[in-house]
Structures are given as C-alpha cells and as structure tokens.
Amino acid sequence: MCCKGIKKTAKKAKQIAIGYAYLAAGVNEELSARRVRICRNCPNLMGGMVCAICGCEVHAKTRLPEEECPDKKNRRWTKEIV
Ligand code: SF4
C-alpha cells in the first residue's frame with residue numbers, strides 16, 4: 001500500500017472509532033436518526049445496519065457531521081459542517 005493509501009486507511013479508521021465513541025455516548029442523536037431513516041429506505045443497507053458501499057455501521061457513521069453517503073451516483077445524505 002502506498003503512503004497515500006495508508007493515510008487514507010488511517011483516517012477512515014479514526015473516523016470509524018470516533019463514530020462508535022459518539023454512538024456509545026449518544027452524540028448527535030438527531031442527526032443520526034434523520035440520516036438512518038434515509039438509510040433504511042436504501043437498497044444498499046445490509047441487515048439494517050451496514051452500508052454495502054463503504055462497509056460502515058450506519059448508526060455510527062451517521063453521527064459524524066463531516067461524513068456523507070458514499071453512493072457517488074446518488075448521495076442520499078450529505079455533509080453537515082456547522
Ligand atoms: S448508500 Fe448511503 S443511504 Fe444507502 S446505506 Fe449507504 S450510507 Fe445509507
């Protein structure tokens with residue numbers, strides 16, 4: 001893996017860890033609920049929890065305002081930077 005790839009993977013791992021920490025602490029509940037409602041109507045949602053495109057657990061991912069739906073052809077929800 002190239003240096004750029006390692007940095008990208010490390011950044012994603014950090015975001016996942018923050019998402020789970022937010023999930024455990026109940027951070028950004030309203031934002032997550034709004035996004036998860038959209039995910040529940042998406043054909044890419046597997047088992048009601050995991051996005052088939054990015055592999056993330058949506059209840060954690062959706063708590064991060066800087067995250068966005070990974071479906072580049074149809075972003076169902078976007079970044080919400082405050
Ligand atoms: S593609 Fe977007 S809307 Fe669909 S499950 Fe993944 S994150 Fe949610």
# chains A, B, ... in the order shown; residues from 1 in each chain; ligands from 1
call {"tool": "residues_around", "arguments": {"residues": "A:Tyr22", "least_positions_apart": "4", "cutoff": "8 Å", "atoms": "only C-alpha atoms", "output": "ChimeraX atom specification"}}
result
/A:18,26-28,60,63
call {"tool": "write_last_selection", "arguments": {"atoms": "N, CA, C and O atoms", "output": "PDB file, in the first residue's frame"}}
result
ATOM      1  N   ILE A  18     -14.244   7.270  16.071  1.00  0.00           N
ATOM      2  CA  ILE A  18     -14.988   8.418  16.592  1.00  0.00           C
ATOM      3  C   ILE A  18     -16.491   8.157  16.479  1.00  0.00           C
ATOM      4  O   ILE A  18     -17.258   8.444  17.403  1.00  0.00           O
ATOM      5  N   GLY A  26     -24.009   8.709  22.738  1.00  0.00           N
ATOM      6  CA  GLY A  26     -25.278   9.313  22.321  1.00  0.00           C
ATOM      7  C   GLY A  26     -25.119  10.693  21.710  1.00  0.00           C
ATOM      8  O   GLY A  26     -26.045  11.512  21.762  1.00  0.00           O
ATOM      9  N   VAL A  27     -23.968  10.937  21.088  1.00  0.00           N
ATOM     10  CA  VAL A  27     -23.711  12.235  20.465  1.00  0.00           C
ATOM     11  C   VAL A  27     -24.422  12.317  19.106  1.00  0.00           C
ATOM     12  O   VAL A  27     -24.474  11.338  18.366  1.00  0.00           O
ATOM     13  N   ASN A  28     -24.974  13.484  18.797  1.00  0.00           N
ATOM     14  CA  ASN A  28     -25.619  13.757  17.503  1.00  0.00           C
ATOM     15  C   ASN A  28     -26.780  12.792  17.188  1.00  0.00           C
ATOM     16  O   ASN A  28     -26.905  12.297  16.062  1.00  0.00           O
ATOM     17  N   ALA A  60     -23.239   4.447  13.552  1.00  0.00           N
ATOM     18  CA  ALA A  60     -22.029   5.162  13.987  1.00  0.00           C
ATOM     19  C   ALA A  60     -21.650   6.224  12.953  1.00  0.00           C
ATOM     20  O   ALA A  60     -21.441   7.392  13.292  1.00  0.00           O
ATOM     21  N   ARG A  63     -23.384   9.729  12.691  1.00  0.00           N
ATOM     22  CA  ARG A  63     -23.206  10.706  13.785  1.00  0.00           C
ATOM     23  C   ARG A  63     -22.128  11.737  13.491  1.00  0.00           C
ATOM     24  O   ARG A  63     -21.991  12.717  14.215  1.00  0.00           O
TER      25      ARG A  63
END
call {"tool": "residues_near_ligand", "arguments": {"ligand": "ligand 1", "cutoff": "7 Å", "atoms": "only C-alpha atoms and all ligand atoms", "output": "CSV table (one decimal) with all heavy atoms, in the first residue's frame"}}
result
chain,number,residue,atom,x,y,z
A,36,VAL,N,-30.3,7.9,9.4
A,36,VAL,CA,-30.6,6.5,9.4
A,36,VAL,C,-32.0,6.2,8.8
A,36,VAL,O,-32.2,5.2,8.1
A,36,VAL,CB,-30.5,5.9,10.8
A,36,VAL,CG1,-31.1,4.5,10.9
A,36,VAL,CG2,-29.0,5.9,11.3
A,38,ILE,N,-33.1,7.6,6.3
A,38,ILE,CA,-32.9,7.6,4.8
A,38,ILE,C,-32.2,6.3,4.5
A,38,ILE,O,-32.6,5.6,3.5
A,38,ILE,CB,-32.0,8.8,4.4
A,38,ILE,CG1,-32.7,10.1,4.7
A,38,ILE,CG2,-31.5,8.7,3.0
A,38,ILE,CD1,-31.9,11.3,4.6
A,39,CYS,N,-31.2,5.8,5.3
A,39,CYS,CA,-30.5,4.6,5.0
A,39,CYS,C,-31.5,3.4,5.0
A,39,CYS,O,-31.4,2.5,4.2
A,39,CYS,CB,-29.5,4.3,6.0
A,39,CYS,SG,-28.0,5.4,5.9
A,42,CYS,N,-32.9,2.6,1.7
A,42,CYS,CA,-31.8,2.5,0.7
A,42,CYS,C,-31.6,1.0,0.4
A,42,CYS,O,-31.4,0.2,1.3
A,42,CYS,CB,-30.5,3.1,1.2
A,42,CYS,SG,-29.2,2.9,0.0
A,43,PRO,N,-31.5,0.6,-0.9
A,43,PRO,CA,-31.2,-0.8,-1.2
A,43,PRO,C,-29.8,-1.3,-0.8
A,43,PRO,O,-29.5,-2.5,-0.9
A,43,PRO,CB,-31.4,-0.8,-2.7
A,43,PRO,CG,-31.2,0.6,-3.2
A,43,PRO,CD,-31.7,1.4,-2.1
A,44,ASN,N,-28.9,-0.3,-0.5
A,44,ASN,CA,-27.5,-0.7,-0.1
A,44,ASN,C,-27.4,-1.0,1.3
A,44,ASN,O,-26.3,-1.4,1.8
A,44,ASN,CB,-26.6,0.5,-0.5
A,44,ASN,CG,-26.5,0.7,-1.9
A,44,ASN,OD1,-26.4,-0.2,-2.7
A,44,ASN,ND2,-26.7,2.0,-2.3
A,45,LEU,N,-28.4,-0.9,2.1
A,45,LEU,CA,-28.3,-1.2,3.6
A,45,LEU,C,-28.5,-2.7,3.8
A,45,LEU,O,-29.4,-3.3,3.3
A,45,LEU,CB,-29.4,-0.4,4.3
A,45,LEU,CG,-29.3,-0.5,5.9
A,45,LEU,CD1,-28.0,0.1,6.3
A,45,LEU,CD2,-30.5,0.1,6.6
A,50,VAL,N,-25.5,-2.1,8.1
A,50,VAL,CA,-24.2,-1.9,7.4
A,50,VAL,C,-24.4,-1.4,6.0
A,50,VAL,O,-25.2,-2.0,5.2
A,50,VAL,CB,-23.3,-3.2,7.4
A,50,VAL,CG1,-22.1,-3.0,6.6
A,50,VAL,CG2,-23.0,-3.6,8.8
A,51,CYS,N,-23.7,-0.4,5.6
A,51,CYS,CA,-23.8,0.1,4.2
A,51,CYS,C,-22.9,-0.8,3.3
A,51,CYS,O,-21.7,-1.0,3.6
A,51,CYS,CB,-23.3,1.6,4.2
A,51,CYS,SG,-23.1,2.2,2.5
A,52,ALA,N,-23.5,-1.3,2.3
A,52,ALA,CA,-22.8,-2.2,1.4
A,52,ALA,C,-21.7,-1.5,0.6
A,52,ALA,O,-20.8,-2.1,0.1
A,52,ALA,CB,-23.8,-2.9,0.4
A,53,ILE,N,-21.8,-0.2,0.4
A,53,ILE,CA,-20.8,0.6,-0.4
A,53,ILE,C,-19.6,0.8,0.4
A,53,ILE,O,-18.5,0.5,0.0
A,53,ILE,CB,-21.4,1.9,-0.9
A,53,ILE,CG1,-22.6,1.5,-1.9
A,53,ILE,CG2,-20.4,2.7,-1.6
A,53,ILE,CD1,-23.3,2.7,-2.4
A,54,CYS,N,-19.7,1.4,1.6
A,54,CYS,CA,-18.5,1.7,2.4
A,54,CYS,C,-18.2,0.7,3.5
A,54,CYS,O,-17.0,0.7,4.0
A,54,CYS,CB,-18.6,3.1,3.0
A,54,CYS,SG,-20.0,3.2,4.2
A,58,VAL,N,-24.0,2.1,10.0
A,58,VAL,CA,-24.6,3.4,9.7
A,58,VAL,C,-25.0,4.1,11.0
A,58,VAL,O,-25.0,5.4,11.0
A,58,VAL,CB,-25.8,3.3,8.8
A,58,VAL,CG1,-25.4,2.9,7.4
A,58,VAL,CG2,-26.9,2.5,9.3
A,69,CYS,N,-23.1,10.2,2.6
A,69,CYS,CA,-23.4,9.0,1.9
A,69,CYS,C,-22.4,8.7,0.9
A,69,CYS,O,-22.1,9.5,0.0
A,69,CYS,CB,-24.8,9.1,1.3
A,69,CYS,SG,-25.3,7.7,0.2
A,70,PRO,N,-21.8,7.4,0.8
A,70,PRO,CA,-20.8,7.1,-0.1
A,70,PRO,C,-21.2,6.8,-1.5
A,70,PRO,O,-20.4,6.6,-2.4
A,70,PRO,CB,-20.1,5.9,0.6
A,70,PRO,CG,-21.2,5.2,1.2
A,70,PRO,CD,-22.1,6.3,1.8
A,71,ASP,N,-22.5,6.8,-1.8
A,71,ASP,CA,-23.0,6.4,-3.1
A,71,ASP,C,-22.8,7.7,-4.0
A,71,ASP,O,-23.6,8.6,-4.0
A,71,ASP,CB,-24.5,6.0,-3.0
A,71,ASP,CG,-25.0,5.5,-4.4
A,71,ASP,OD1,-24.3,5.7,-5.4
A,71,ASP,OD2,-26.1,5.0,-4.4
A,75,ARG,N,-26.1,10.5,-3.8
A,75,ARG,CA,-25.8,10.8,-2.4
A,75,ARG,C,-27.2,11.1,-1.7
A,75,ARG,O,-27.8,12.1,-1.9
A,75,ARG,CB,-24.9,11.9,-2.2
A,75,ARG,CG,-23.5,11.6,-2.7
A,75,ARG,CD,-22.5,12.5,-2.0
A,75,ARG,NE,-21.2,12.5,-2.7
A,75,ARG,CZ,-20.3,11.5,-2.6
A,75,ARG,NH1,-20.5,10.5,-1.8
A,75,ARG,NH2,-19.2,11.6,-3.3
A,76,ARG,N,-27.6,10.2,-0.8
A,76,ARG,CA,-28.9,10.3,-0.2
A,76,ARG,C,-28.9,11.2,1.0
A,76,ARG,O,-29.9,11.7,1.4
A,76,ARG,CB,-29.4,8.9,0.2
A,76,ARG,CG,-29.7,8.1,-1.1
A,76,ARG,CD,-30.0,6.6,-0.7
A,76,ARG,NE,-30.3,5.9,-1.9
A,76,ARG,CZ,-29.5,5.3,-2.7
A,76,ARG,NH1,-28.2,5.4,-2.5
A,76,ARG,NH2,-29.8,4.6,-3.7
A,77,TRP,N,-27.7,11.4,1.6
A,77,TRP,CA,-27.5,12.5,2.6
A,77,TRP,C,-26.1,13.0,2.5
A,77,TRP,O,-25.2,12.4,2.0
A,77,TRP,CB,-27.8,12.0,4.0
A,77,TRP,CG,-27.2,10.6,4.4
A,77,TRP,CD1,-27.7,9.4,4.3
A,77,TRP,CD2,-25.9,10.5,5.1
A,77,TRP,NE1,-26.9,8.4,4.8
A,77,TRP,CE2,-25.8,9.1,5.3
A,77,TRP,CE3,-24.9,11.3,5.5
A,77,TRP,CZ2,-24.7,8.5,5.9
A,77,TRP,CZ3,-23.8,10.8,6.1
A,77,TRP,CH2,-23.7,9.4,6.3
call {"tool": "atom_distance", "arguments": {"atom1": "atom CA of A:Glu29", "atom2": "atom CA of A:Asn74"}}
result
23.9 Å
call {"tool": "select_by_dssp", "arguments": {"residues": "chain A", "states": "strand (DSSP E or B)", "output": "list in words"}}
result
Leu45, Met46, Val50, Cys51 and Glu57 of chain A
call {"tool": "write_last_selection", "arguments": {"atoms": "N, CA, C and O atoms", "output": "PDB file, in the first residue's frame"}}
result
ATOM      1  N   LEU A  45     -28.439  -0.881   2.128  1.00  0.00           N
ATOM      2  CA  LEU A  45     -28.333  -1.185   3.552  1.00  0.00           C
ATOM      3  C   LEU A  45     -28.468  -2.698   3.762  1.00  0.00           C
ATOM      4  O   LEU A  45     -29.438  -3.309   3.333  1.00  0.00           O
ATOM      5  N   MET A  46     -27.475  -3.292   4.432  1.00  0.00           N
ATOM      6  CA  MET A  46     -27.464  -4.741   4.678  1.00  0.00           C
ATOM      7  C   MET A  46     -27.783  -5.008   6.147  1.00  0.00           C
ATOM      8  O   MET A  46     -27.157  -4.410   7.037  1.00  0.00           O
ATOM      9  N   VAL A  50     -25.491  -2.124   8.117  1.00  0.00           N
ATOM     10  CA  VAL A  50     -24.220  -1.888   7.418  1.00  0.00           C
ATOM     11  C   VAL A  50     -24.448  -1.425   5.985  1.00  0.00           C
ATOM     12  O   VAL A  50     -25.241  -2.007   5.250  1.00  0.00           O
ATOM     13  N   CYS A  51     -23.726  -0.372   5.608  1.00  0.00           N
ATOM     14  CA  CYS A  51     -23.784   0.127   4.236  1.00  0.00           C
ATOM     15  C   CYS A  51     -22.928  -0.774   3.348  1.00  0.00           C
ATOM     16  O   CYS A  51     -21.748  -0.986   3.632  1.00  0.00           O
ATOM     17  N   GLU A  57     -20.947   0.812   9.714  1.00  0.00           N
ATOM     18  CA  GLU A  57     -22.155   0.615  10.506  1.00  0.00           C
ATOM     19  C   GLU A  57     -22.836   1.983  10.533  1.00  0.00           C
ATOM     20  O   GLU A  57     -22.275   2.954  11.045  1.00  0.00           O
TER      21      GLU A  57
END
call {"tool": "closest_residue", "arguments": {"among": "A:Ala10, A:Cys3, A:Ile16, A:Leu23", "to": "A:His59", "atoms": "only C-alpha atoms"}}
result
A:Leu23
call {"tool": "select_by_dssp", "arguments": {"residues": "stretch 4-60 of chain A", "states": "alpha helix (DSSP H)", "output": "PDB file with C-alpha atoms, in the first residue's frame"}}
result
ATOM      1  CA  LYS A   4      -1.362   7.951   0.376  1.00  0.00           C
ATOM      2  CA  GLY A   5      -3.324   4.716   0.790  1.00  0.00           C
ATOM      3  CA  ILE A   6      -2.023   4.213   4.339  1.00  0.00           C
ATOM      4  CA  LYS A   7      -3.008   7.769   5.296  1.00  0.00           C
ATOM      5  CA  LYS A   8      -6.479   7.286   3.809  1.00  0.00           C
ATOM      6  CA  THR A   9      -6.938   3.994   5.689  1.00  0.00           C
ATOM      7  CA  ALA A  10      -5.709   5.554   8.941  1.00  0.00           C
ATOM      8  CA  LYS A  11      -8.097   8.477   8.507  1.00  0.00           C
ATOM      9  CA  LYS A  12     -11.021   6.118   7.879  1.00  0.00           C
ATOM     10  CA  ALA A  13     -10.098   4.015  10.934  1.00  0.00           C
ATOM     11  CA  LYS A  14     -10.022   7.170  13.054  1.00  0.00           C
ATOM     12  CA  GLN A  15     -13.439   8.256  11.742  1.00  0.00           C
ATOM     13  CA  ILE A  16     -14.897   4.815  12.492  1.00  0.00           C
ATOM     14  CA  ALA A  17     -13.523   4.946  16.049  1.00  0.00           C
ATOM     15  CA  ILE A  18     -14.988   8.418  16.592  1.00  0.00           C
ATOM     16  CA  GLY A  19     -18.333   7.278  15.164  1.00  0.00           C
ATOM     17  CA  TYR A  20     -18.501   4.372  17.625  1.00  0.00           C
ATOM     18  CA  ALA A  21     -17.474   6.647  20.505  1.00  0.00           C
ATOM     19  CA  TYR A  22     -20.262   9.049  19.531  1.00  0.00           C
ATOM     20  CA  LEU A  23     -22.690   6.118  19.299  1.00  0.00           C
ATOM     21  CA  ALA A  24     -21.748   4.945  22.806  1.00  0.00           C
ATOM     22  CA  ALA A  25     -22.079   8.467  24.206  1.00  0.00           C
ATOM     23  CA  GLU A  29     -28.741  11.616  18.035  1.00  0.00           C
ATOM     24  CA  GLU A  30     -30.989  13.854  15.949  1.00  0.00           C
ATOM     25  CA  LEU A  31     -28.569  13.995  13.014  1.00  0.00           C
ATOM     26  CA  SER A  32     -28.090  10.234  13.111  1.00  0.00           C
ATOM     27  CA  ALA A  33     -31.819   9.494  13.350  1.00  0.00           C
ATOM     28  CA  ARG A  34     -32.524  11.673  10.318  1.00  0.00           C
ATOM     29  CA  ARG A  35     -29.811  10.004   8.240  1.00  0.00           C
ATOM     30  CA  VAL A  36     -30.583   6.454   9.401  1.00  0.00           C
ATOM     31  CA  ARG A  37     -34.213   6.945   8.327  1.00  0.00           C
ATOM     32  CA  ILE A  38     -32.870   7.600   4.838  1.00  0.00           C
ATOM     33  CA  CYS A  39     -30.542   4.575   5.005  1.00  0.00           C
ATOM     34  CA  ARG A  40     -33.466   2.333   5.972  1.00  0.00           C
ATOM     35  CA  VAL A  58     -24.608   3.406   9.730  1.00  0.00           C
ATOM     36  CA  HIS A  59     -25.651   4.106  13.327  1.00  0.00           C
ATOM     37  CA  ALA A  60     -22.029   5.162  13.987  1.00  0.00           C
TER      38      ALA A  60
END
call {"tool": "atom_distance", "arguments": {"atom1": "atom CA of A:Leu64", "atom2": "atom CA of A:Gly47"}}
result
21.1 Å
